[in-house]
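For reference, input.pdb (PDB, C-alpha atoms):
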```pdb
ATOM      1  CA  MET A   1     -97.426 120.281 109.239  1.00  0.00           C
ATOM      2  CA  ASP A   2     -99.816 123.217 109.424  1.00  0.00           C
ATOM      3  CA  LEU A   3     -97.769 126.200 108.212  1.00  0.00           C
ATOM      4  CA  GLY A   4    -100.003 128.673 110.049  1.00  0.00           C
ATOM      5  CA  ILE A   5    -100.695 130.898 107.047  1.00  0.00           C
ATOM      6  CA  SER A   6    -104.234 129.918 106.094  1.00  0.00           C
ATOM      7  CA  GLY A   7    -106.239 133.040 105.293  1.00  0.00           C
ATOM      8  CA  ARG A   8    -103.166 135.141 104.510  1.00  0.00           C
ATOM      9  CA  MET A   9    -102.933 137.152 101.287  1.00  0.00           C
ATOM     10  CA  ALA A  10    -100.066 136.546  98.865  1.00  0.00           C
ATOM     11  CA  PHE A  11     -99.033 138.359  95.706  1.00  0.00           C
ATOM     12  CA  ILE A  12     -96.834 136.284  93.410  1.00  0.00           C
ATOM     13  CA  CYS A  13     -95.055 138.119  90.623  1.00  0.00           C
ATOM     14  CA  ALA A  14     -94.765 136.567  87.152  1.00  0.00           C
ATOM     15  CA  SER A  15     -96.868 133.573  88.143  1.00  0.00           C
ATOM     16  CA  SER A  16     -98.757 132.532  85.016  1.00  0.00           C
ATOM     17  CA  GLN A  17     -96.334 129.607  84.636  1.00  0.00           C
ATOM     18  CA  GLY A  18     -93.125 128.086  85.917  1.00  0.00           C
ATOM     19  CA  LEU A  19     -91.616 128.830  89.296  1.00  0.00           C
ATOM     20  CA  GLY A  20     -94.072 131.589  90.176  1.00  0.00           C
ATOM     21  CA  LEU A  21     -97.053 129.346  89.529  1.00  0.00           C
ATOM     22  CA  ALA A  22     -95.408 126.547  91.523  1.00  0.00           C
ATOM     23  CA  CYS A  23     -95.117 128.873  94.529  1.00  0.00           C
ATOM     24  CA  ALA A  24     -98.704 130.054  94.118  1.00  0.00           C
ATOM     25  CA  THR A  25     -99.954 126.460  93.984  1.00  0.00           C
ATOM     26  CA  SER A  26     -98.120 125.426  97.144  1.00  0.00           C
ATOM     27  CA  LEU A  27     -99.352 128.512  98.984  1.00  0.00           C
ATOM     28  CA  ALA A  28    -102.922 127.887  97.834  1.00  0.00           C
ATOM     29  CA  LYS A  29    -102.690 124.365  99.244  1.00  0.00           C
ATOM     30  CA  GLU A  30    -101.969 125.973 102.624  1.00  0.00           C
ATOM     31  CA  GLY A  31    -105.154 128.034 102.438  1.00  0.00           C
ATOM     32  CA  VAL A  32    -103.470 131.250 101.308  1.00  0.00           C
ATOM     33  CA  HIS A  33    -105.450 133.643  99.100  1.00  0.00           C
ATOM     34  CA  VAL A  34    -103.151 133.999  96.088  1.00  0.00           C
ATOM     35  CA  VAL A  35    -102.969 136.694  93.424  1.00  0.00           C
ATOM     36  CA  LEU A  36    -101.411 135.601  90.155  1.00  0.00           C
ATOM     37  CA  ASN A  37     -99.622 138.192  88.063  1.00  0.00           C
ATOM     38  CA  GLY A  38     -98.326 138.420  84.511  1.00  0.00           C
ATOM     39  CA  ARG A  39     -98.634 140.487  81.358  1.00  0.00           C
ATOM     40  CA  ASP A  40    -100.869 138.109  79.382  1.00  0.00           C
ATOM     41  CA  ALA A  41    -104.458 138.061  80.664  1.00  0.00           C
ATOM     42  CA  GLY A  42    -105.257 134.889  78.728  1.00  0.00           C
ATOM     43  CA  LYS A  43    -102.336 132.965  80.229  1.00  0.00           C
ATOM     44  CA  LEU A  44    -103.302 134.185  83.692  1.00  0.00           C
ATOM     45  CA  GLU A  45    -106.868 132.949  83.317  1.00  0.00           C
ATOM     46  CA  ALA A  46    -105.602 129.564  82.109  1.00  0.00           C
ATOM     47  CA  ALA A  47    -103.171 129.366  85.030  1.00  0.00           C
ATOM     48  CA  SER A  48    -105.928 130.312  87.463  1.00  0.00           C
ATOM     49  CA  ALA A  49    -108.193 127.597  86.090  1.00  0.00           C
ATOM     50  CA  ALA A  50    -105.419 125.014  86.318  1.00  0.00           C
ATOM     51  CA  LEU A  51    -104.631 126.022  89.904  1.00  0.00           C
ATOM     52  CA  ARG A  52    -108.278 125.774  90.940  1.00  0.00           C
ATOM     53  CA  ALA A  53    -108.482 122.327  89.359  1.00  0.00           C
ATOM     54  CA  ASP A  54    -105.350 121.268  91.248  1.00  0.00           C
ATOM     55  CA  VAL A  55    -106.455 122.838  94.548  1.00  0.00           C
ATOM     56  CA  PRO A  56    -110.256 122.636  94.893  1.00  0.00           C
ATOM     57  CA  GLY A  57    -111.600 125.567  96.856  1.00  0.00           C
ATOM     58  CA  ALA A  58    -108.504 127.666  96.308  1.00  0.00           C
ATOM     59  CA  GLU A  59    -108.957 131.434  96.545  1.00  0.00           C
ATOM     60  CA  VAL A  60    -107.287 132.781  93.412  1.00  0.00           C
ATOM     61  CA  GLU A  61    -107.265 136.194  91.784  1.00  0.00           C
ATOM     62  CA  VAL A  62    -105.444 137.379  88.683  1.00  0.00           C
ATOM     63  CA  LEU A  63    -103.935 140.755  87.884  1.00  0.00           C
ATOM     64  CA  ALA A  64    -102.537 141.473  84.441  1.00  0.00           C
ATOM     65  CA  ALA A  65     -99.842 144.135  84.851  1.00  0.00           C
ATOM     66  CA  ASP A  66     -96.260 144.608  83.670  1.00  0.00           C
ATOM     67  CA  LEU A  67     -94.225 144.843  86.860  1.00  0.00           C
ATOM     68  CA  THR A  68     -91.173 146.085  84.940  1.00  0.00           C
ATOM     69  CA  THR A  69     -92.881 149.461  84.418  1.00  0.00           C
ATOM     70  CA  ALA A  70     -93.753 152.135  86.964  1.00  0.00           C
ATOM     71  CA  GLU A  71     -97.318 152.133  85.601  1.00  0.00           C
ATOM     72  CA  GLY A  72     -97.609 148.381  86.042  1.00  0.00           C
ATOM     73  CA  ARG A  73     -96.325 148.505  89.606  1.00  0.00           C
ATOM     74  CA  ALA A  74     -98.708 151.352  90.409  1.00  0.00           C
ATOM     75  CA  ALA A  75    -101.607 149.215  89.153  1.00  0.00           C
ATOM     76  CA  ILE A  76    -100.437 146.281  91.264  1.00  0.00           C
ATOM     77  CA  LEU A  77    -100.197 148.365  94.421  1.00  0.00           C
ATOM     78  CA  ALA A  78    -103.508 150.098  93.782  1.00  0.00           C
ATOM     79  CA  ALA A  79    -105.263 146.737  93.475  1.00  0.00           C
ATOM     80  CA  HIS A  80    -103.440 145.104  96.405  1.00  0.00           C
ATOM     81  CA  PRO A  81    -101.949 147.717  98.727  1.00  0.00           C
ATOM     82  CA  GLN A  82    -101.730 145.282 101.642  1.00  0.00           C
ATOM     83  CA  VAL A  83    -100.391 141.737 101.402  1.00  0.00           C
ATOM     84  CA  ASP A  84     -98.940 139.363 103.965  1.00  0.00           C
ATOM     85  CA  ILE A  85     -96.725 137.462 101.541  1.00  0.00           C
ATOM     86  CA  LEU A  86     -94.801 138.815  98.572  1.00  0.00           C
ATOM     87  CA  VAL A  87     -93.029 136.488  96.142  1.00  0.00           C
ATOM     88  CA  THR A  88     -90.941 138.407  93.629  1.00  0.00           C
ATOM     89  CA  ASN A  89     -90.046 136.822  90.327  1.00  0.00           C
ATOM     90  CA  ASN A  90     -89.408 137.687  86.700  1.00  0.00           C
ATOM     91  CA  ALA A  91     -87.824 136.133  83.647  1.00  0.00           C
ATOM     92  CA  GLY A  92     -84.188 137.001  83.127  1.00  0.00           C
ATOM     93  CA  PRO A  93     -82.391 138.277  80.037  1.00  0.00           C
ATOM     94  CA  PRO A  94     -81.227 135.769  77.423  1.00  0.00           C
ATOM     95  CA  PRO A  95     -77.784 134.171  77.663  1.00  0.00           C
ATOM     96  CA  GLY A  96     -75.012 136.313  76.229  1.00  0.00           C
ATOM     97  CA  ALA A  97     -71.401 137.391  76.468  1.00  0.00           C
ATOM     98  CA  LEU A  98     -69.504 140.503  77.492  1.00  0.00           C
ATOM     99  CA  GLU A  99     -69.787 142.078  74.051  1.00  0.00           C
ATOM    100  CA  ASP A 100     -73.596 141.914  74.358  1.00  0.00           C
ATOM    101  CA  TRP A 101     -73.766 143.797  77.658  1.00  0.00           C
ATOM    102  CA  ASP A 102     -73.876 147.401  76.571  1.00  0.00           C
ATOM    103  CA  GLU A 103     -75.450 150.102  78.735  1.00  0.00           C
ATOM    104  CA  LEU A 104     -78.958 149.459  77.433  1.00  0.00           C
ATOM    105  CA  ALA A 105     -78.648 145.735  78.173  1.00  0.00           C
ATOM    106  CA  LEU A 106     -77.439 146.453  81.698  1.00  0.00           C
ATOM    107  CA  ILE A 107     -80.317 148.843  82.343  1.00  0.00           C
ATOM    108  CA  ALA A 108     -82.852 146.367  80.950  1.00  0.00           C
ATOM    109  CA  ALA A 109     -81.553 143.622  83.230  1.00  0.00           C
ATOM    110  CA  MET A 110     -81.901 145.828  86.285  1.00  0.00           C
ATOM    111  CA  GLN A 111     -85.377 146.910  85.183  1.00  0.00           C
ATOM    112  CA  ALA A 112     -86.422 143.272  84.969  1.00  0.00           C
ATOM    113  CA  ASN A 113     -84.613 141.522  87.800  1.00  0.00           C
ATOM    114  CA  MET A 114     -83.789 144.093  90.469  1.00  0.00           C
ATOM    115  CA  ILE A 115     -85.846 147.289  90.370  1.00  0.00           C
ATOM    116  CA  PRO A 116     -89.393 145.784  90.327  1.00  0.00           C
ATOM    117  CA  ALA A 117     -88.707 143.535  93.318  1.00  0.00           C
ATOM    118  CA  ALA A 118     -86.973 146.337  95.213  1.00  0.00           C
ATOM    119  CA  GLN A 119     -89.856 148.729  94.625  1.00  0.00           C
ATOM    120  CA  LEU A 120     -92.515 146.212  95.670  1.00  0.00           C
ATOM    121  CA  ILE A 121     -90.524 145.380  98.800  1.00  0.00           C
ATOM    122  CA  ARG A 122     -90.203 149.095  99.529  1.00  0.00           C
ATOM    123  CA  ALA A 123     -93.955 149.537  99.161  1.00  0.00           C
ATOM    124  CA  HIS A 124     -95.005 146.593 101.331  1.00  0.00           C
ATOM    125  CA  VAL A 125     -92.464 146.522 104.170  1.00  0.00           C
ATOM    126  CA  PRO A 126     -93.957 149.411 106.201  1.00  0.00           C
ATOM    127  CA  GLY A 127     -97.395 147.797 106.357  1.00  0.00           C
ATOM    128  CA  MET A 128     -95.959 144.372 107.107  1.00  0.00           C
ATOM    129  CA  LYS A 129     -93.917 145.817 109.977  1.00  0.00           C
ATOM    130  CA  ALA A 130     -96.924 147.668 111.368  1.00  0.00           C
ATOM    131  CA  ARG A 131     -99.027 144.471 111.330  1.00  0.00           C
ATOM    132  CA  GLY A 132     -96.248 142.326 112.812  1.00  0.00           C
ATOM    133  CA  PHE A 133     -96.154 139.762 110.012  1.00  0.00           C
ATOM    134  CA  GLY A 134     -94.612 139.614 106.576  1.00  0.00           C
ATOM    135  CA  ARG A 135     -92.904 137.068 104.386  1.00  0.00           C
ATOM    136  CA  ILE A 136     -90.930 138.155 101.323  1.00  0.00           C
ATOM    137  CA  VAL A 137     -89.348 135.560  99.052  1.00  0.00           C
ATOM    138  CA  ASN A 138     -87.294 136.533  96.021  1.00  0.00           C
ATOM    139  CA  ILE A 139     -86.855 133.952  93.284  1.00  0.00           C
ATOM    140  CA  THR A 140     -83.310 134.575  92.074  1.00  0.00           C
ATOM    141  CA  SER A 141     -80.890 131.963  90.703  1.00  0.00           C
ATOM    142  CA  ALA A 142     -78.291 129.445  91.831  1.00  0.00           C
ATOM    143  CA  MET A 143     -75.856 131.501  89.766  1.00  0.00           C
ATOM    144  CA  VAL A 144     -75.990 134.281  92.361  1.00  0.00           C
ATOM    145  CA  LYS A 145     -73.567 132.075  94.309  1.00  0.00           C
ATOM    146  CA  ALA A 146     -71.942 130.285  91.372  1.00  0.00           C
ATOM    147  CA  PRO A 147     -71.969 132.578  88.300  1.00  0.00           C
ATOM    148  CA  HIS A 148     -71.698 131.183  84.776  1.00  0.00           C
ATOM    149  CA  TYR A 149     -70.254 133.411  82.096  1.00  0.00           C
ATOM    150  CA  MET A 150     -73.126 133.303  79.598  1.00  0.00           C
ATOM    151  CA  MET A 151     -75.647 134.137  82.342  1.00  0.00           C
ATOM    152  CA  GLY A 152     -73.587 136.958  83.811  1.00  0.00           C
ATOM    153  CA  LEU A 153     -76.095 139.702  83.000  1.00  0.00           C
ATOM    154  CA  SER A 154     -78.957 137.962  84.772  1.00  0.00           C
ATOM    155  CA  THR A 155     -76.699 137.030  87.672  1.00  0.00           C
ATOM    156  CA  ALA A 156     -75.502 140.607  88.142  1.00  0.00           C
ATOM    157  CA  ALA A 157     -79.022 142.029  88.460  1.00  0.00           C
ATOM    158  CA  ARG A 158     -80.164 139.247  90.779  1.00  0.00           C
ATOM    159  CA  ALA A 159     -77.059 139.632  92.936  1.00  0.00           C
ATOM    160  CA  ALA A 160     -77.893 143.331  93.341  1.00  0.00           C
ATOM    161  CA  LEU A 161     -81.360 142.371  94.595  1.00  0.00           C
ATOM    162  CA  THR A 162     -79.771 139.827  96.942  1.00  0.00           C
ATOM    163  CA  ALA A 163     -77.526 142.483  98.471  1.00  0.00           C
ATOM    164  CA  LEU A 164     -80.360 144.962  98.936  1.00  0.00           C
ATOM    165  CA  SER A 165     -82.595 142.304 100.481  1.00  0.00           C
ATOM    166  CA  LYS A 166     -79.909 141.187 102.911  1.00  0.00           C
ATOM    167  CA  ALA A 167     -79.405 144.759 104.081  1.00  0.00           C
ATOM    168  CA  VAL A 168     -83.137 145.366 104.548  1.00  0.00           C
ATOM    169  CA  SER A 169     -83.729 142.008 106.251  1.00  0.00           C
ATOM    170  CA  ARG A 170     -81.630 143.024 109.250  1.00  0.00           C
ATOM    171  CA  ASP A 171     -84.090 145.831 109.939  1.00  0.00           C
ATOM    172  CA  THR A 172     -87.361 144.032 109.227  1.00  0.00           C
ATOM    173  CA  VAL A 173     -86.883 140.756 111.072  1.00  0.00           C
ATOM    174  CA  ALA A 174     -87.462 142.339 114.494  1.00  0.00           C
ATOM    175  CA  SER A 175     -91.020 143.037 113.319  1.00  0.00           C
ATOM    176  CA  ASN A 176     -91.538 139.408 112.182  1.00  0.00           C
ATOM    177  CA  VAL A 177     -91.002 140.390 108.543  1.00  0.00           C
ATOM    178  CA  THR A 178     -88.538 138.028 106.871  1.00  0.00           C
ATOM    179  CA  ILE A 179     -86.814 138.363 103.511  1.00  0.00           C
ATOM    180  CA  ASN A 180     -85.243 135.310 101.899  1.00  0.00           C
ATOM    181  CA  ASN A 181     -84.140 134.181  98.461  1.00  0.00           C
ATOM    182  CA  LEU A 182     -84.760 130.935  96.592  1.00  0.00           C
ATOM    183  CA  LEU A 183     -81.926 129.982  94.229  1.00  0.00           C
ATOM    184  CA  PRO A 184     -83.178 127.495  91.630  1.00  0.00           C
ATOM    185  CA  GLU A 185     -81.090 125.430  89.250  1.00  0.00           C
ATOM    186  CA  ARG A 186     -82.639 123.219  86.547  1.00  0.00           C
ATOM    187  CA  ILE A 187     -86.207 123.099  87.845  1.00  0.00           C
ATOM    188  CA  ASP A 188     -88.385 121.450  85.176  1.00  0.00           C
ATOM    189  CA  THR A 189     -90.348 124.465  83.950  1.00  0.00           C
ATOM    190  CA  PRO A 190     -90.833 126.084  80.526  1.00  0.00           C
ATOM    191  CA  ARG A 191     -87.428 127.722  81.025  1.00  0.00           C
ATOM    192  CA  GLN A 192     -85.803 124.295  80.690  1.00  0.00           C
ATOM    193  CA  ASP A 193     -87.730 123.736  77.482  1.00  0.00           C
ATOM    194  CA  PHE A 194     -86.268 126.992  76.125  1.00  0.00           C
ATOM    195  CA  MET A 195     -82.756 126.024  77.189  1.00  0.00           C
ATOM    196  CA  ALA A 196     -83.069 122.535  75.676  1.00  0.00           C
ATOM    197  CA  LYS A 197     -84.167 123.956  72.331  1.00  0.00           C
ATOM    198  CA  ARG A 198     -81.276 126.419  72.439  1.00  0.00           C
ATOM    199  CA  ARG A 199     -78.863 123.531  73.061  1.00  0.00           C
ATOM    200  CA  MET A 200     -80.416 121.572  70.185  1.00  0.00           C
ATOM    201  CA  ALA A 201     -79.647 124.419  67.800  1.00  0.00           C
ATOM    202  CA  LEU A 202     -76.118 124.968  69.102  1.00  0.00           C
ATOM    203  CA  ASP A 203     -75.047 121.311  69.226  1.00  0.00           C
ATOM    204  CA  GLY A 204     -77.192 119.751  66.487  1.00  0.00           C
ATOM    205  CA  ILE A 205     -78.709 117.181  68.855  1.00  0.00           C
ATOM    206  CA  THR A 206     -82.238 115.982  69.608  1.00  0.00           C
ATOM    207  CA  TYR A 207     -84.508 117.457  72.255  1.00  0.00           C
ATOM    208  CA  GLU A 208     -84.166 114.332  74.396  1.00  0.00           C
ATOM    209  CA  GLU A 209     -80.382 114.450  74.121  1.00  0.00           C
ATOM    210  CA  ALA A 210     -80.352 118.119  75.085  1.00  0.00           C
ATOM    211  CA  ARG A 211     -82.443 117.444  78.199  1.00  0.00           C
ATOM    212  CA  ALA A 212     -80.284 114.454  79.132  1.00  0.00           C
ATOM    213  CA  LYS A 213     -77.125 116.580  78.853  1.00  0.00           C
ATOM    214  CA  ALA A 214     -78.687 119.232  81.079  1.00  0.00           C
ATOM    215  CA  ALA A 215     -79.796 116.700  83.694  1.00  0.00           C
ATOM    216  CA  GLU A 216     -76.315 115.199  83.733  1.00  0.00           C
ATOM    217  CA  THR A 217     -74.912 118.513  85.008  1.00  0.00           C
ATOM    218  CA  ILE A 218     -76.992 118.167  88.201  1.00  0.00           C
ATOM    219  CA  ALA A 219     -75.565 116.118  91.052  1.00  0.00           C
ATOM    220  CA  ALA A 220     -78.975 114.481  91.555  1.00  0.00           C
ATOM    221  CA  LYS A 221     -78.968 113.515  87.828  1.00  0.00           C
ATOM    222  CA  ARG A 222     -82.484 114.809  87.336  1.00  0.00           C
ATOM    223  CA  PHE A 223     -84.391 118.047  87.006  1.00  0.00           C
ATOM    224  CA  GLY A 224     -86.017 119.505  90.076  1.00  0.00           C
ATOM    225  CA  ARG A 225     -89.799 119.229  90.255  1.00  0.00           C
ATOM    226  CA  PRO A 226     -91.835 122.438  90.394  1.00  0.00           C
ATOM    227  CA  GLU A 227     -93.723 121.224  93.457  1.00  0.00           C
ATOM    228  CA  GLU A 228     -90.429 120.751  95.323  1.00  0.00           C
ATOM    229  CA  PHE A 229     -89.611 124.372  94.633  1.00  0.00           C
ATOM    230  CA  GLY A 230     -93.104 125.590  95.504  1.00  0.00           C
ATOM    231  CA  ASP A 231     -93.166 123.742  98.812  1.00  0.00           C
ATOM    232  CA  ALA A 232     -89.824 125.276  99.808  1.00  0.00           C
ATOM    233  CA  CYS A 233     -91.318 128.689  99.070  1.00  0.00           C
ATOM    234  CA  ALA A 234     -94.392 127.903 101.179  1.00  0.00           C
ATOM    235  CA  TYR A 235     -92.223 126.900 104.135  1.00  0.00           C
ATOM    236  CA  LEU A 236     -90.237 130.142 104.004  1.00  0.00           C
ATOM    237  CA  CYS A 237     -93.604 131.937 104.117  1.00  0.00           C
ATOM    238  CA  SER A 238     -94.795 129.951 107.122  1.00  0.00           C
ATOM    239  CA  ALA A 239     -95.350 131.048 110.688  1.00  0.00           C
ATOM    240  CA  GLN A 240     -92.620 128.597 111.711  1.00  0.00           C
ATOM    241  CA  ALA A 241     -89.997 130.319 109.528  1.00  0.00           C
ATOM    242  CA  GLY A 242     -89.931 133.576 111.487  1.00  0.00           C
ATOM    243  CA  PHE A 243     -86.324 132.962 112.621  1.00  0.00           C
ATOM    244  CA  ILE A 244     -85.049 132.479 109.053  1.00  0.00           C
ATOM    245  CA  SER A 245     -84.202 135.735 107.298  1.00  0.00           C
ATOM    246  CA  GLY A 246     -81.576 137.114 104.964  1.00  0.00           C
ATOM    247  CA  GLN A 247     -80.835 133.641 103.653  1.00  0.00           C
ATOM    248  CA  ASN A 248     -80.227 132.072 100.234  1.00  0.00           C
ATOM    249  CA  LEU A 249     -81.771 128.612  99.900  1.00  0.00           C
ATOM    250  CA  GLN A 250     -80.405 126.687  96.936  1.00  0.00           C
ATOM    251  CA  LEU A 251     -82.625 124.207  95.147  1.00  0.00           C
ATOM    252  CA  ASP A 252     -80.046 122.699  92.847  1.00  0.00           C
ATOM    253  CA  GLY A 253     -80.039 118.949  93.431  1.00  0.00           C
ATOM    254  CA  GLY A 254     -76.866 119.221  95.525  1.00  0.00           C
ATOM    255  CA  SER A 255     -74.830 120.682  92.669  1.00  0.00           C
ATOM    256  CA  TYR A 256     -73.220 123.661  94.406  1.00  0.00           C
ATOM    257  CA  GLU A 257     -69.586 122.768  95.082  1.00  0.00           C
ATOM    258  CA  GLY A 258     -68.838 125.422  97.699  1.00  0.00           C
ATOM    259  CA  LEU A 259     -68.987 125.054 101.461  1.00  0.00           C
ATOM    260  CA  VAL A 260     -70.931 128.237 102.287  1.00  0.00           C
TER     261      VAL A 260
END
```
Is it possible to give me this structure as structure tokens?
Amino acid sequence: MDLGISGRMAFICASSQGLGLACATSLAKEGVHVVLNGRDAGKLEAASAALRADVPGAEVEVLAADLTTAEGRAAILAAHPQVDILVTNNAGPPPGALEDWDELALIAAMQANMIPAAQLIRAHVPGMKARGFGRIVNITSAMVKAPHYMMGLSTAARAALTALSKAVSRDTVASNVTINNLLPERIDTPRQDFMAKRRMALDGITYEEARAKAAETIAAKRFGRPEEFGDACAYLCSAQAGFISGQNLQLDGGSYEGLV
């Protein structure tokens, strides 16, 4: 299927690895000009090289900027004031418990997982509406719909972004500007490596055992593949997806136990 977005411009937040890079790769395969973003210029250059090797002829730029700061966001918008596709993403806070979530921790979570995305959406929506095309995809978490205690801080900030995006999406969709959320669970990225090593330390088990225990929690009994996630992102950015907005698409191997 031709997704009808060849030649479009996409900015993908936090895309030097993991889910962001997976989305950038899938978009590049559709002929989209992609801009990779992260704080580490060296990692961005390596990611760009890997993407070009994977997608010959891909149009790829990099922009090293910290999107959690006002200065970083200003640099991003100065370099790319007009994009057709915006994919928001950022790493979440570490697992913790209620006693860890003091005011500073709460503020930090919002500064990482709600405010940057909201401000980039705010900056880009007017231009997207004026041009009659825009696709915004927020990478959030499956825990937005099924919270786990130790990830409550991350979930709270991402749920705030979900609520804001839903409200805004009702206004933008009439101008062919859609806003949707991807809710990953156990996609096989460096995040799963971090979680496996954490489980090793907590349970005194091997790396392989830790990964097997994690995979067992998924109904599909395996980790999701990054390309599966990236291709879902590319479809939500497609011309054909103009009637899908304000939605939460779970990529969790069928694990969610609820009905809606």
Using all atoms listed in the file, which residues of stretch 73-181 of chain A come within 10 Å of stretch 36-46 of chain A, and what is the closest atom pair for each, with the distance in Å to one decimal? Give it as a Markdown table, sorted by chain and residue number.
```
| residue | atom | partner | partner_atom | distance |
| --- | --- | --- | --- | --- |
| A:Ile76 | CA | A:Asn37 | CA | 8.7 |
| A:Asn89 | CA | A:Asn37 | CA | 9.9 |
| A:Asn90 | CA | A:Gly38 | CA | 9.2 |
```
Run the PyMOL selection byres ((chain A and resi 231) around 12) mentally over the shown coordinates, then write out the matched residues as a PDB file with C-alpha atoms, in the frame of the given file, using the chain letters and numbers from the document.
```pdb
ATOM      1  CA  MET A   1     -97.426 120.281 109.239  1.00  0.00           C
ATOM      2  CA  LEU A   3     -97.769 126.200 108.212  1.00  0.00           C
ATOM      3  CA  LEU A  19     -91.616 128.830  89.296  1.00  0.00           C
ATOM      4  CA  GLY A  20     -94.072 131.589  90.176  1.00  0.00           C
ATOM      5  CA  LEU A  21     -97.053 129.346  89.529  1.00  0.00           C
ATOM      6  CA  ALA A  22     -95.408 126.547  91.523  1.00  0.00           C
ATOM      7  CA  CYS A  23     -95.117 128.873  94.529  1.00  0.00           C
ATOM      8  CA  ALA A  24     -98.704 130.054  94.118  1.00  0.00           C
ATOM      9  CA  THR A  25     -99.954 126.460  93.984  1.00  0.00           C
ATOM     10  CA  SER A  26     -98.120 125.426  97.144  1.00  0.00           C
ATOM     11  CA  LEU A  27     -99.352 128.512  98.984  1.00  0.00           C
ATOM     12  CA  ALA A  28    -102.922 127.887  97.834  1.00  0.00           C
ATOM     13  CA  LYS A  29    -102.690 124.365  99.244  1.00  0.00           C
ATOM     14  CA  GLU A  30    -101.969 125.973 102.624  1.00  0.00           C
ATOM     15  CA  LEU A 182     -84.760 130.935  96.592  1.00  0.00           C
ATOM     16  CA  ARG A 225     -89.799 119.229  90.255  1.00  0.00           C
ATOM     17  CA  PRO A 226     -91.835 122.438  90.394  1.00  0.00           C
ATOM     18  CA  GLU A 227     -93.723 121.224  93.457  1.00  0.00           C
ATOM     19  CA  GLU A 228     -90.429 120.751  95.323  1.00  0.00           C
ATOM     20  CA  PHE A 229     -89.611 124.372  94.633  1.00  0.00           C
ATOM     21  CA  GLY A 230     -93.104 125.590  95.504  1.00  0.00           C
ATOM     22  CA  ALA A 232     -89.824 125.276  99.808  1.00  0.00           C
ATOM     23  CA  CYS A 233     -91.318 128.689  99.070  1.00  0.00           C
ATOM     24  CA  ALA A 234     -94.392 127.903 101.179  1.00  0.00           C
ATOM     25  CA  TYR A 235     -92.223 126.900 104.135  1.00  0.00           C
ATOM     26  CA  LEU A 236     -90.237 130.142 104.004  1.00  0.00           C
ATOM     27  CA  CYS A 237     -93.604 131.937 104.117  1.00  0.00           C
ATOM     28  CA  SER A 238     -94.795 129.951 107.122  1.00  0.00           C
ATOM     29  CA  LEU A 251     -82.625 124.207  95.147  1.00  0.00           C
TER      30      LEU A 251
END
```
Counting only C-alpha atoms, the option among A:Val144, A:Val34, A:Ala159, A:Ser154 closest to A:Val55:
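Looking at the shortest contact to A:Val55, the residue is A:Val34.
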What is the atom CA of A:Asp84 to atom CA of A:Ala163 distance in Å?
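Interatomic distance, atom CA of A:Asp84 to atom CA of A:Ala163: 22.3 Å.
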For the provided coordinates, the residues matched by the PyMOL selection byres ((chain A and resi 150) around 8) should be stated as a tab-separated table (two decimals) with C-alpha atoms, in the frame of the given file.
```tsv
chain	number	residue	atom	x	y	z
A	95	PRO	CA	-77.78	134.17	77.66
A	96	GLY	CA	-75.01	136.31	76.23
A	97	ALA	CA	-71.40	137.39	76.47
A	148	HIS	CA	-71.70	131.18	84.78
A	149	TYR	CA	-70.25	133.41	82.10
A	151	MET	CA	-75.65	134.14	82.34
A	152	GLY	CA	-73.59	136.96	83.81
A	153	LEU	CA	-76.10	139.70	83.00
```
